[in-house]
>>> print(open('model-v7.tsv').read())   # TSV, C-alpha atoms and all ligand atoms
chain	number	residue	atom	x	y	z
A	1	MET	CA	-61.29	29.30	13.19
A	2	LYS	CA	-62.10	30.48	16.67
A	3	ASN	CA	-60.40	33.69	17.62
A	4	ASN	CA	-59.24	33.46	21.20
A	5	GLY	CA	-59.25	37.19	21.75
A	6	ASN	CA	-55.48	37.58	21.43
A	7	ALA	CA	-56.02	41.14	20.27
A	8	SER	CA	-52.35	42.08	20.11
A	9	ALA	CA	-51.21	38.82	18.51
A	10	LEU	CA	-48.90	39.05	15.51
A	11	GLY	CA	-47.98	36.84	12.57
A	12	ILE	CA	-44.57	37.14	11.00
A	13	ASP	CA	-43.31	35.49	7.84
A	14	ILE	CA	-39.53	35.47	8.04
A	15	GLY	CA	-38.51	34.72	4.47
A	16	THR	CA	-35.22	34.47	2.62
A	17	SER	CA	-35.88	37.69	0.74
A	18	ARG	CA	-38.55	39.48	2.78
A	19	ILE	CA	-39.99	39.71	6.25
A	20	CYS	CA	-43.73	40.33	6.34
A	21	LEU	CA	-45.58	41.25	9.52
A	22	ALA	CA	-49.35	40.84	9.85
A	23	ARG	CA	-51.54	42.32	12.53
A	24	ARG	CA	-55.25	42.59	12.98
A	25	ASN	CA	-56.92	45.94	13.30
A	26	GLU	CA	-60.57	45.38	14.17
A	27	GLU	CA	-61.80	43.24	11.23
A	28	GLN	CA	-58.94	44.19	8.88
A	29	PHE	CA	-55.58	42.54	8.34
A	30	GLN	CA	-52.67	44.94	8.08
A	31	PHE	CA	-49.34	44.06	6.51
A	32	GLU	CA	-45.92	45.60	6.61
A	33	SER	CA	-42.92	44.19	4.83
A	34	GLN	CA	-39.19	44.82	4.64
A	35	LEU	CA	-36.46	43.33	2.53
A	36	ASN	CA	-34.50	40.83	4.62
A	37	ALA	CA	-31.18	42.37	3.61
A	38	PHE	CA	-28.62	44.93	4.74
A	39	VAL	CA	-25.69	46.97	3.53
A	40	HIS	CA	-22.85	48.73	5.38
A	41	VAL	CA	-22.29	52.39	4.48
A	42	PRO	CA	-19.53	54.69	5.81
A	43	TYR	CA	-20.51	56.72	8.88
A	44	SER	CA	-21.15	60.43	8.64
A	45	PRO	CA	-23.35	62.48	10.94
A	46	ILE	CA	-25.16	63.88	7.90
A	47	THR	CA	-26.01	60.41	6.57
A	48	GLU	CA	-27.18	59.34	10.01
A	49	GLY	CA	-29.32	62.48	10.26
A	50	VAL	CA	-31.10	61.96	6.94
A	51	LEU	CA	-31.66	58.27	7.58
A	52	LYS	CA	-33.38	59.24	10.85
A	53	LYS	CA	-35.37	61.97	9.15
A	54	GLU	CA	-36.51	59.65	6.36
A	55	LYS	CA	-37.26	56.89	8.92
A	56	VAL	CA	-34.98	54.44	7.11
A	57	PRO	CA	-34.28	51.46	9.40
A	58	HIS	CA	-30.59	51.37	10.34
A	59	THR	CA	-28.17	50.63	13.17
A	60	LEU	CA	-24.70	51.80	14.06
A	61	ARG	CA	-22.03	49.15	14.27
A	62	ASN	CA	-18.23	49.44	14.60
A	63	GLY	CA	-18.16	52.99	13.26
A	64	GLU	CA	-20.34	52.17	10.26
A	65	ILE	CA	-24.00	52.53	9.48
A	66	VAL	CA	-25.85	49.37	8.63
A	67	VAL	CA	-28.94	50.13	6.58
A	68	HIS	CA	-31.47	47.33	6.57
A	69	GLY	CA	-34.81	46.62	4.96
A	70	ASN	CA	-36.28	48.10	1.79
A	71	GLU	CA	-33.73	50.90	1.31
A	72	SER	CA	-30.73	48.55	1.47
A	73	ASP	CA	-31.39	47.37	-2.07
A	74	LYS	CA	-31.37	50.84	-3.64
A	75	LEU	CA	-28.36	51.99	-1.64
A	76	ALA	CA	-26.38	48.89	-2.61
A	77	GLU	CA	-27.20	49.51	-6.31
A	78	LEU	CA	-26.22	53.18	-6.02
A	79	LEU	CA	-22.95	52.50	-4.24
A	80	GLY	CA	-22.08	49.43	-6.32
A	81	LEU	CA	-22.01	47.27	-3.18
A	82	ASP	CA	-23.26	43.75	-2.76
A	83	ILE	CA	-26.36	43.44	-0.69
A	84	ARG	CA	-26.00	41.05	2.27
A	85	ARG	CA	-28.72	38.68	3.38
A	86	THR	CA	-29.41	37.12	6.75
A	87	MET	CA	-30.95	34.01	5.23
A	88	SER	CA	-30.26	31.62	2.42
A	89	ARG	CA	-32.49	28.77	1.20
A	90	GLY	CA	-35.12	29.46	3.84
A	91	MET	CA	-32.78	29.37	6.86
A	92	LEU	CA	-30.26	31.52	8.73
A	93	ASN	CA	-27.36	32.02	6.34
A	94	PRO	CA	-24.40	30.00	7.67
A	95	SER	CA	-21.87	31.97	5.63
A	96	GLU	CA	-23.00	35.40	6.87
A	97	PRO	CA	-21.39	36.08	10.28
A	98	GLU	CA	-23.83	38.90	11.06
A	99	SER	CA	-26.96	37.00	10.07
A	100	LEU	CA	-28.37	36.52	13.53
A	101	ASN	CA	-27.58	40.02	14.85
A	102	MET	CA	-29.01	41.69	11.79
A	103	LEU	CA	-32.11	39.53	11.69
A	104	ARG	CA	-32.74	40.39	15.35
A	105	GLU	CA	-32.41	44.14	14.58
A	106	MET	CA	-34.76	43.91	11.63
A	107	ILE	CA	-37.42	41.95	13.48
A	108	ALA	CA	-37.21	44.28	16.49
A	109	ALA	CA	-37.65	47.34	14.25
A	110	MET	CA	-40.82	45.81	12.82
A	111	VAL	CA	-42.56	44.26	15.83
A	112	GLY	CA	-41.74	47.00	18.36
A	113	GLU	CA	-41.89	46.69	22.15
A	114	PRO	CA	-44.73	44.45	23.25
A	115	GLN	CA	-47.18	45.30	26.01
A	116	GLY	CA	-47.81	42.28	28.19
A	117	LYS	CA	-46.72	39.03	26.57
A	118	PRO	CA	-48.55	38.83	23.24
A	119	LYS	CA	-48.46	35.78	21.02
A	120	ILE	CA	-46.50	35.79	17.81
A	121	ALA	CA	-46.46	32.96	15.28
A	122	PHE	CA	-43.51	32.85	12.88
A	123	THR	CA	-43.17	30.81	9.71
A	124	VAL	CA	-40.59	28.07	9.36
A	125	PRO	CA	-39.89	26.12	6.20
A	126	ALA	CA	-40.49	22.40	5.93
A	127	ALA	CA	-37.39	20.24	5.73
A	128	PRO	CA	-35.97	19.91	2.25
A	129	ILE	CA	-36.67	16.45	0.83
A	130	GLY	CA	-34.13	14.06	2.34
A	131	ALA	CA	-32.75	16.42	5.03
A	132	SER	CA	-34.99	16.15	8.04
A	133	ASP	CA	-33.05	17.68	10.93
A	134	SER	CA	-31.51	20.74	9.31
A	135	LEU	CA	-34.28	22.96	10.66
A	136	THR	CA	-33.96	22.63	14.41
A	137	TYR	CA	-31.29	25.33	14.78
A	138	HIS	CA	-33.15	27.84	12.63
A	139	GLU	CA	-36.48	27.28	14.37
A	140	GLU	CA	-35.13	27.29	17.92
A	141	THR	CA	-33.01	30.38	17.30
A	142	LEU	CA	-35.93	32.41	15.94
A	143	LYS	CA	-38.05	31.30	18.86
A	144	GLN	CA	-35.35	32.50	21.29
A	145	VAL	CA	-35.07	35.83	19.48
A	146	LEU	CA	-38.82	36.50	19.63
A	147	ASN	CA	-39.22	35.23	23.20
A	148	GLY	CA	-36.27	37.44	24.15
A	149	MET	CA	-38.20	40.46	22.83
A	150	GLY	CA	-41.06	39.68	25.21
A	151	TYR	CA	-43.37	37.70	22.92
A	152	GLU	CA	-44.70	34.19	23.29
A	153	ALA	CA	-43.44	32.68	20.08
A	154	GLN	CA	-44.66	29.62	18.23
A	155	PRO	CA	-43.50	28.27	14.87
A	156	VAL	CA	-45.89	27.52	12.03
A	157	ASN	CA	-45.02	25.58	8.91
A	158	GLU	CA	-45.04	27.94	5.91
A	159	GLY	CA	-47.17	25.76	3.61
A	160	LEU	CA	-49.67	25.21	6.43
A	161	ALA	CA	-49.79	28.98	6.97
A	162	VAL	CA	-50.91	29.33	3.33
A	163	VAL	CA	-53.68	26.80	4.01
A	164	TYR	CA	-54.76	28.75	7.14
A	165	ALA	CA	-54.78	32.02	5.20
A	166	GLU	CA	-56.45	31.00	1.97
A	167	LEU	CA	-58.42	27.75	2.35
A	168	GLU	CA	-60.88	28.53	5.13
A	169	ALA	CA	-63.81	28.07	2.71
A	170	GLN	CA	-62.51	24.54	1.98
A	171	ASN	CA	-62.33	23.75	5.72
A	172	PHE	CA	-58.54	24.07	5.60
A	173	THR	CA	-58.28	21.01	3.38
A	174	GLY	CA	-55.97	21.27	0.41
A	175	ILE	CA	-52.41	21.84	-0.71
A	176	GLY	CA	-50.75	25.13	0.30
A	177	VAL	CA	-47.77	26.12	-1.82
A	178	SER	CA	-45.46	29.05	-1.13
A	179	CYS	CA	-42.98	29.79	-3.92
A	180	GLY	CA	-40.49	32.15	-2.34
A	181	ALA	CA	-36.91	33.22	-2.93
A	182	GLY	CA	-34.96	30.42	-1.26
A	183	LEU	CA	-37.47	27.59	-1.27
A	184	CYS	CA	-40.81	26.37	-2.49
A	185	ASN	CA	-42.75	25.05	0.50
A	186	VAL	CA	-45.63	22.63	0.17
A	187	CYS	CA	-48.09	21.36	2.77
A	188	LEU	CA	-50.98	19.00	2.21
A	189	ALA	CA	-53.48	19.57	5.01
A	190	TYR	CA	-56.66	17.74	5.90
A	191	LEU	CA	-59.07	19.65	8.15
A	192	ALA	CA	-56.23	21.97	9.18
A	193	VAL	CA	-53.99	19.07	10.16
A	194	PRO	CA	-50.69	18.98	8.26
A	195	VAL	CA	-50.37	15.54	6.67
A	196	ILE	CA	-47.35	15.92	4.39
A	197	SER	CA	-44.98	18.85	4.10
A	198	PHE	CA	-41.65	19.39	2.38
A	199	SER	CA	-39.61	22.03	0.57
A	200	ILE	CA	-37.44	22.13	-2.52
A	201	PRO	CA	-34.45	24.47	-2.94
A	202	GLN	CA	-35.47	25.75	-6.38
A	203	ALA	CA	-37.27	29.10	-6.09
A	204	GLY	CA	-36.73	32.77	-7.04
A	205	ASP	CA	-33.02	32.89	-6.17
A	206	TYR	CA	-32.42	29.77	-8.22
A	207	ILE	CA	-34.16	31.40	-11.21
A	208	ASP	CA	-32.11	34.60	-10.83
A	209	SER	CA	-28.72	32.94	-10.46
A	210	SER	CA	-29.33	30.35	-13.18
A	211	ALA	CA	-30.54	33.00	-15.64
A	212	ALA	CA	-27.59	35.24	-14.68
A	213	SER	CA	-25.11	32.51	-15.49
A	214	VAL	CA	-26.60	32.20	-18.99
A	215	THR	CA	-26.91	35.89	-19.86
A	216	GLY	CA	-23.78	37.09	-18.06
A	217	GLU	CA	-25.75	39.75	-16.14
A	218	ARG	CA	-25.81	40.14	-12.37
A	219	ALA	CA	-28.45	38.10	-10.55
A	220	ASN	CA	-29.85	41.28	-9.01
A	221	ARG	CA	-30.36	42.82	-12.46
A	222	ILE	CA	-32.18	39.64	-13.58
A	223	ARG	CA	-34.37	39.84	-10.48
A	224	LEU	CA	-35.41	43.40	-11.31
A	225	VAL	CA	-36.32	42.47	-14.92
A	226	LYS	CA	-38.21	39.41	-13.66
A	227	GLU	CA	-40.22	41.38	-11.11
A	228	GLU	CA	-40.96	44.28	-13.46
A	229	SER	CA	-41.82	42.64	-16.74
A	230	PHE	CA	-41.61	38.85	-16.94
A	231	HIS	CA	-44.77	36.96	-17.86
A	232	PHE	CA	-45.54	33.60	-19.47
A	233	ASN	CA	-46.81	34.06	-23.01
A	234	GLY	CA	-44.91	31.56	-25.10
A	235	HIS	CA	-43.25	34.27	-27.16
A	236	PHE	CA	-40.32	36.23	-25.80
A	237	ALA	CA	-38.97	39.25	-27.63
A	238	GLU	CA	-36.05	39.67	-25.24
A	239	LYS	CA	-33.31	37.19	-24.49
A	240	THR	CA	-33.59	37.72	-20.72
A	241	HIS	CA	-37.31	36.93	-20.84
A	242	GLN	CA	-36.71	33.77	-22.88
A	243	VAL	CA	-34.08	32.58	-20.37
A	244	LEU	CA	-36.41	33.43	-17.48
A	245	GLY	CA	-39.16	31.42	-19.20
A	246	VAL	CA	-36.90	28.37	-19.34
A	247	TYR	CA	-36.01	28.51	-15.63
A	248	HIS	CA	-39.57	29.15	-14.51
A	249	ASP	CA	-40.54	26.02	-16.41
A	250	VAL	CA	-37.71	24.05	-14.79
A	251	LEU	CA	-38.89	25.23	-11.39
A	252	ILE	CA	-42.54	24.35	-11.98
A	253	ARG	CA	-41.60	20.89	-13.28
A	254	SER	CA	-39.34	20.23	-10.26
A	255	LEU	CA	-42.12	21.34	-7.94
A	256	VAL	CA	-44.81	19.19	-9.58
A	257	GLU	CA	-42.46	16.17	-9.63
A	258	ALA	CA	-41.53	16.66	-5.97
A	259	MET	CA	-45.23	16.92	-5.04
A	260	ALA	CA	-46.07	13.75	-6.98
A	261	GLU	CA	-43.16	11.87	-5.41
A	262	SER	CA	-43.77	12.95	-1.81
A	263	PHE	CA	-47.50	12.36	-1.99
A	264	SER	CA	-47.12	8.88	-3.43
A	265	ALA	CA	-44.25	7.96	-1.10
A	266	ALA	CA	-46.39	8.88	1.89
A	267	GLY	CA	-49.24	6.74	0.57
A	268	LYS	CA	-51.62	8.52	2.94
A	269	ALA	CA	-52.63	11.15	0.41
A	270	ALA	CA	-54.19	8.62	-1.94
A	271	ARG	CA	-56.45	7.47	0.91
A	272	LEU	CA	-58.07	10.89	1.14
A	273	ASN	CA	-60.18	10.03	-1.94
A	274	ARG	CA	-61.50	13.54	-2.28
A	275	PRO	CA	-60.26	16.14	-4.76
A	276	LEU	CA	-58.06	18.81	-3.19
A	277	PRO	CA	-57.47	22.41	-4.25
A	278	VAL	CA	-53.91	23.65	-4.75
A	279	MET	CA	-53.32	27.20	-3.50
A	280	LEU	CA	-50.31	28.98	-5.01
A	281	SER	CA	-48.69	31.88	-3.16
A	282	GLY	CA	-45.33	33.58	-2.65
A	283	GLY	CA	-43.50	36.13	-4.81
A	284	THR	CA	-42.33	33.56	-7.34
A	285	SER	CA	-45.95	32.70	-8.19
A	286	MET	CA	-46.65	36.30	-9.23
A	287	PRO	CA	-45.68	36.53	-12.91
A	288	SER	CA	-48.79	36.63	-15.03
A	289	GLY	CA	-49.52	33.17	-16.45
A	290	PHE	CA	-47.77	31.27	-13.62
A	291	ARG	CA	-50.98	29.64	-12.42
A	292	ASP	CA	-51.97	28.50	-15.93
A	293	ARG	CA	-48.51	27.10	-16.60
A	294	PHE	CA	-48.47	25.30	-13.25
A	295	GLU	CA	-51.89	23.78	-13.91
A	296	LYS	CA	-50.92	22.66	-17.44
A	297	ILE	CA	-47.76	20.92	-16.18
A	298	LEU	CA	-49.62	19.36	-13.25
A	299	ARG	CA	-52.44	18.02	-15.43
A	300	GLU	CA	-49.89	16.47	-17.83
A	301	HIS	CA	-48.20	14.66	-14.96
A	302	GLU	CA	-49.35	11.46	-13.37
A	303	PHE	CA	-50.43	12.70	-9.96
A	304	PRO	CA	-51.25	10.57	-6.91
A	305	VAL	CA	-54.02	12.85	-5.58
A	306	GLN	CA	-56.99	14.27	-7.39
A	307	VAL	CA	-56.71	18.03	-7.78
A	308	SER	CA	-59.95	20.01	-7.93
A	309	ASP	CA	-58.72	23.53	-8.72
A	310	VAL	CA	-55.43	25.30	-9.00
A	311	LEU	CA	-55.92	28.65	-7.30
A	312	GLN	CA	-53.76	31.72	-6.85
A	313	ALA	CA	-53.74	33.62	-3.56
A	314	PRO	CA	-55.18	37.13	-3.98
A	315	GLU	CA	-52.14	38.70	-2.29
A	316	PRO	CA	-49.34	36.19	-2.80
A	317	LEU	CA	-46.78	38.17	-0.77
A	318	HIS	CA	-49.01	38.30	2.32
A	319	SER	CA	-50.45	34.77	2.53
A	320	ALA	CA	-47.87	33.19	4.84
A	321	ALA	CA	-47.92	36.15	7.26
A	322	LYS	CA	-51.71	36.16	7.28
A	323	GLY	CA	-51.72	32.42	8.02
A	324	ALA	CA	-49.17	32.91	10.82
A	325	LEU	CA	-51.43	35.58	12.31
A	326	THR	CA	-54.38	33.15	12.11
A	327	ALA	CA	-52.26	30.62	14.03
A	328	ALA	CA	-51.41	33.20	16.71
A	329	LEU	CA	-54.99	34.47	17.02
A	330	THR	CA	-56.41	30.98	17.44
A	331	SER	CA	-53.72	29.47	19.64
A	332	PRO	CA	-54.97	28.45	23.11
B	401	LIG	N1	-43.86	40.66	-9.20
B	401	LIG	C1	-43.02	39.63	-9.14
B	401	LIG	N2	-42.81	38.85	-10.22
B	401	LIG	C2	-41.95	37.82	-10.16
B	401	LIG	N3	-41.23	37.48	-9.08
B	401	LIG	C3	-41.41	38.23	-7.98
B	401	LIG	C4	-42.28	39.33	-7.93
B	401	LIG	N4	-42.24	39.88	-6.70
B	401	LIG	C5	-41.36	39.14	-6.00
B	401	LIG	N5	-40.84	38.15	-6.76
B	401	LIG	C6	-39.85	37.14	-6.38
B	401	LIG	O1	-40.38	36.40	-5.31
B	401	LIG	C7	-39.34	36.02	-4.42
B	401	LIG	C8	-39.70	36.50	-3.04
B	401	LIG	O2	-40.91	35.91	-2.68
B	401	LIG	P1	-41.32	35.76	-1.15
B	401	LIG	O3	-41.34	37.08	-0.50
B	401	LIG	O4	-42.57	34.94	-1.14
B	401	LIG	O5	-40.08	34.90	-0.62
B	401	LIG	P2	-39.54	34.70	0.87
B	401	LIG	O6	-40.69	34.36	1.73
B	401	LIG	O7	-38.72	35.86	1.28
B	401	LIG	O8	-38.57	33.44	0.66
B	401	LIG	P3	-38.64	31.95	1.23
B	401	LIG	O9	-40.06	31.63	1.53
B	401	LIG	O10	-38.10	31.11	0.10
B	401	LIG	O11	-37.76	31.94	2.42
B	401	LIG	C9	-38.05	36.67	-4.94
B	401	LIG	O12	-37.31	35.71	-5.68
B	401	LIG	C10	-38.58	37.77	-5.83
B	401	LIG	O13	-37.68	38.08	-6.88
B	402	MG	MG	-41.70	32.57	2.07
>>> encode(input="model-v7.tsv", output="structure tokens", more="lines below")
Ligand SMILES: Nc1ncnc2c1ncn2[C@@H]1O[C@H](COP(=O)(O)OP(=O)(O)OP(=O)(O)O)[C@@H](O)[C@H]1O
Ligand SMILES: [Mg+2]
Amino acid sequence: MKNNGNASALGIDIGTSRICLARRNEEQFQFESQLNAFVHVPYSPITEGVLKKEKVPHTLRNGEIVVHGNESDKLAELLGLDIRRTMSRGMLNPSEPESLNMLREMIAAMVGEPQGKPKIAFTVPAAPIGASDSLTYHEETLKQVLNGMGYEAQPVNEGLAVVYAELEAQNFTGIGVSCGAGLCNVCLAYLAVPVISFSIPQAGDYIDSSAASVTGERANRIRLVKEESFHFNGHFAEKTHQVLGVYHDVLIRSLVEAMAESFSAAGKAARLNRPLPVMLSGGTSMPSGFRDRFEKILREHEFPVQVSDVLQAPEPLHSAAKGALTAALTSP
């Protein structure tokens, strides 16, 4: 795509579990990510001092320290506190009163003060199947937040961002899939034009909470096991791995079925009559064997579009941010 010389443009993927910022430094993409979570800890000048010294993102609020980003997870584990999240299922969390304030703090700490009025493209999920207008508030609010910081903000659909990031060699024609924490987002694009996009609410959080309800462990504990050691191999020595295997399969089946249904309902996809690649990205696509399992389930299913290859993004946690940056760099 043509780069319009927006040298200080940024791409930001604001996800349910993580926020990832992409910037361009000469020919290189640079990424920085923070957990989209926070925890309140009691105020003491010593704690405040060390947080500053260790450059741990935090803010002071009502006599307490609110630690946000990557350290919030460890601190919450240590102190036996529940971690709080600004988003749920891909959107601002309606049951977290501080969601907007905290998200603003976290984004500001990452993007910094702009010089001039640079462009920033931010990811937004596609509407969940059957719920078309639930996104307006989320999208408009994030736009206001970023514009308020001095940027010129534009939304970009998350699945389309994956296409921008990873399918340039295929002329931005194919199916971008981002399997995150709150949602799996899908976008079928033809020559960079989004044709069909949707999301489903089964993703990493669904796997963690479903597995937790079977094993009796905390969802956060399940998440750690999943991220450290889960892989698809058909034989599971540990109970937690076996349970995780079941829910990953449920997720992949739901995703393949939702893709088949949306593509045939739209009818347009069948008219493309050219095989399309599927590009898998997002943290939930990372366990080893995910791509193979996805392809096996897809090939077994009756599918309304021809699929050429099932591919895995080289850096699944950075794809959406990289695609958002592409959108910002090429915007007029
Ligand atoms: N190595 C890994 N193996 C398995 N799962 C992982 C791994 N790393 C991260 N995850 C899972 O991926 C999910 C986070 O992925 P990602 O950062 O793409 O989501 P997000 O963009 O924050 O969420 P969403 O797009 O749904 O709003 C979490 O559920 C996390 O547990
Ligand atoms: Mg995401």
>>> residues_near_point(input="model-v7.tsv", point="(-25.3, 57.0, 9.0)", cutoff="9 Å", atoms="only C-alpha atoms", output="number ranges by chain")
A: 41-52, 58-60, 64-67
>>> residues_near_ligand(input="model-v7.tsv", ligand="ligand MG 402 (chain B)", cutoff="8 Å", atoms="all atoms listed in the file", output="PyMOL selection string")
chain A and resi 13-18+90+123+125+158+178-185+282-283+320
>>> atom_distance(input="model-v7.tsv", atom1="atom CA of A:Tyr164", atom2="atom CA of A:Glu26")
19.0 Å
>>> closest_residue(input="model-v7.tsv", among="A:Ala203, A:Val256, A:Leu78, A:Ile83", to="ligand LIG 401 (chain B)", atoms="all atoms listed in the file")
A:Ala203
>>> atom_distance(input="model-v7.tsv", atom1="atom CA of A:Ala328", atom2="atom O10 of ligand LIG 401 (chain B)")
21.4 Å
>>> closest_residue(input="model-v7.tsv", among="A:Gly216, A:Pro287, A:Gly245, A:Pro194", to="A:Ser229", atoms="only C-alpha atoms")
A:Pro287
>>> residues_around(input="model-v7.tsv", residues="stretch 217-221 of chain A", least_positions_apart="2", cutoff="10 Å", atoms="all atoms listed in the file", output="list in words")
Asp73, Glu77, Asp82, Ile83, Asp205, Tyr206, Ile207, Asp208, Ser209, Ser210, Ala211, Ala212, Ser213, Val214, Thr215, Arg223, Leu224, Val225, Lys226 and Thr240 of chain A
>>> closest_residue(input="model-v7.tsv", among="A:Ala265, A:Leu280, A:Glu27, A:Leu329", to="A:Phe303", atoms="all atoms listed in the file")
A:Ala265
>>> closest_residue(input="model-v7.tsv", among="A:Glu140, A:Glu227, A:Glu168, A:Glu295", to="ligand LIG 401 (chain B)", atoms="all atoms listed in the file")
A:Glu227
>>> residues_around(input="model-v7.tsv", residues="A:Val111", least_positions_apart="6", cutoff="12 Å", atoms="all atoms listed in the file", output="VMD selection string")
chain A and resid 8 to 13 19 to 23 31 to 34 104 to 105 118 to 122 145 to 146 149 to 151
>>> closest_residue(input="model-v7.tsv", among="A:Gly159, A:Gly80, A:Gly174, A:Pro304", to="ligand LIG 401 (chain B)", atoms="only C-alpha atoms and all ligand atoms")
A:Gly159
>>> closest_residue(input="model-v7.tsv", among="A:His231, A:His68, A:Arg291, A:Lys296", to="ligand LIG 401 (chain B)", atoms="all atoms listed in the file")
A:His231
>>> decode(input="model-v7.tsv", residues="stretch 62-77 of chain A", atoms="N, CA and C atoms", output="mmCIF file, in the first residue's frame")
data_model
loop_
_atom_site.group_PDB
_atom_site.id
_atom_site.type_symbol
_atom_site.label_atom_id
_atom_site.label_comp_id
_atom_site.auth_asym_id
_atom_site.auth_seq_id
_atom_site.Cartn_x
_atom_site.Cartn_y
_atom_site.Cartn_z
ATOM 1 N N ASN A 62 -7.905 8.525 44.707
ATOM 2 C CA ASN A 62 -8.597 8.434 46.006
ATOM 3 C C ASN A 62 -7.735 7.780 47.084
ATOM 4 N N GLY A 63 -6.497 8.244 47.203
ATOM 5 C CA GLY A 63 -5.633 7.731 48.268
ATOM 6 C C GLY A 63 -5.119 6.316 48.030
ATOM 7 N N GLU A 64 -5.314 5.794 46.835
ATOM 8 C CA GLU A 64 -4.766 4.464 46.537
ATOM 9 C C GLU A 64 -3.887 4.550 45.301
ATOM 10 N N ILE A 65 -3.087 3.511 45.125
ATOM 11 C CA ILE A 65 -2.292 3.451 43.894
ATOM 12 C C ILE A 65 -2.963 2.447 42.970
ATOM 13 N N VAL A 66 -3.163 2.858 41.742
ATOM 14 C CA VAL A 66 -3.719 1.924 40.768
ATOM 15 C C VAL A 66 -2.590 1.539 39.816
ATOM 16 N N VAL A 67 -2.194 0.267 39.889
ATOM 17 C CA VAL A 67 -1.127 -0.226 39.019
ATOM 18 C C VAL A 67 -1.788 -0.818 37.783
ATOM 19 N N HIS A 68 -1.331 -0.376 36.610
ATOM 20 C CA HIS A 68 -1.946 -0.926 35.400
ATOM 21 C C HIS A 68 -0.892 -1.494 34.466
ATOM 22 N N GLY A 69 -1.371 -2.307 33.522
ATOM 23 C CA GLY A 69 -0.448 -2.905 32.562
ATOM 24 C C GLY A 69 0.141 -4.215 33.075
ATOM 25 N N ASN A 70 1.315 -4.563 32.508
ATOM 26 C CA ASN A 70 1.888 -5.894 32.717
ATOM 27 C C ASN A 70 2.108 -6.291 34.173
ATOM 28 N N GLU A 71 2.449 -5.317 35.030
ATOM 29 C CA GLU A 71 2.736 -5.671 36.432
ATOM 30 C C GLU A 71 1.469 -5.954 37.231
ATOM 31 N N SER A 72 0.313 -5.528 36.738
ATOM 32 C CA SER A 72 -0.912 -5.661 37.535
ATOM 33 C C SER A 72 -1.230 -7.136 37.795
ATOM 34 N N ASP A 73 -0.912 -7.958 36.838
ATOM 35 C CA ASP A 73 -1.165 -9.386 36.928
ATOM 36 C C ASP A 73 -0.397 -10.013 38.091
ATOM 37 N N LYS A 74 0.926 -9.747 38.104
ATOM 38 C CA LYS A 74 1.782 -10.340 39.139
ATOM 39 C C LYS A 74 1.401 -9.827 40.511
ATOM 40 N N LEU A 75 1.157 -8.505 40.604
ATOM 41 C CA LEU A 75 0.792 -7.923 41.895
ATOM 42 C C LEU A 75 -0.507 -8.516 42.416
ATOM 43 N N ALA A 76 -1.478 -8.686 41.521
ATOM 44 C CA ALA A 76 -2.771 -9.242 41.943
ATOM 45 C C ALA A 76 -2.575 -10.667 42.457
ATOM 46 N N GLU A 77 -1.737 -11.464 41.784
ATOM 47 C CA GLU A 77 -1.459 -12.840 42.231
ATOM 48 C C GLU A 77 -0.827 -12.814 43.614
#
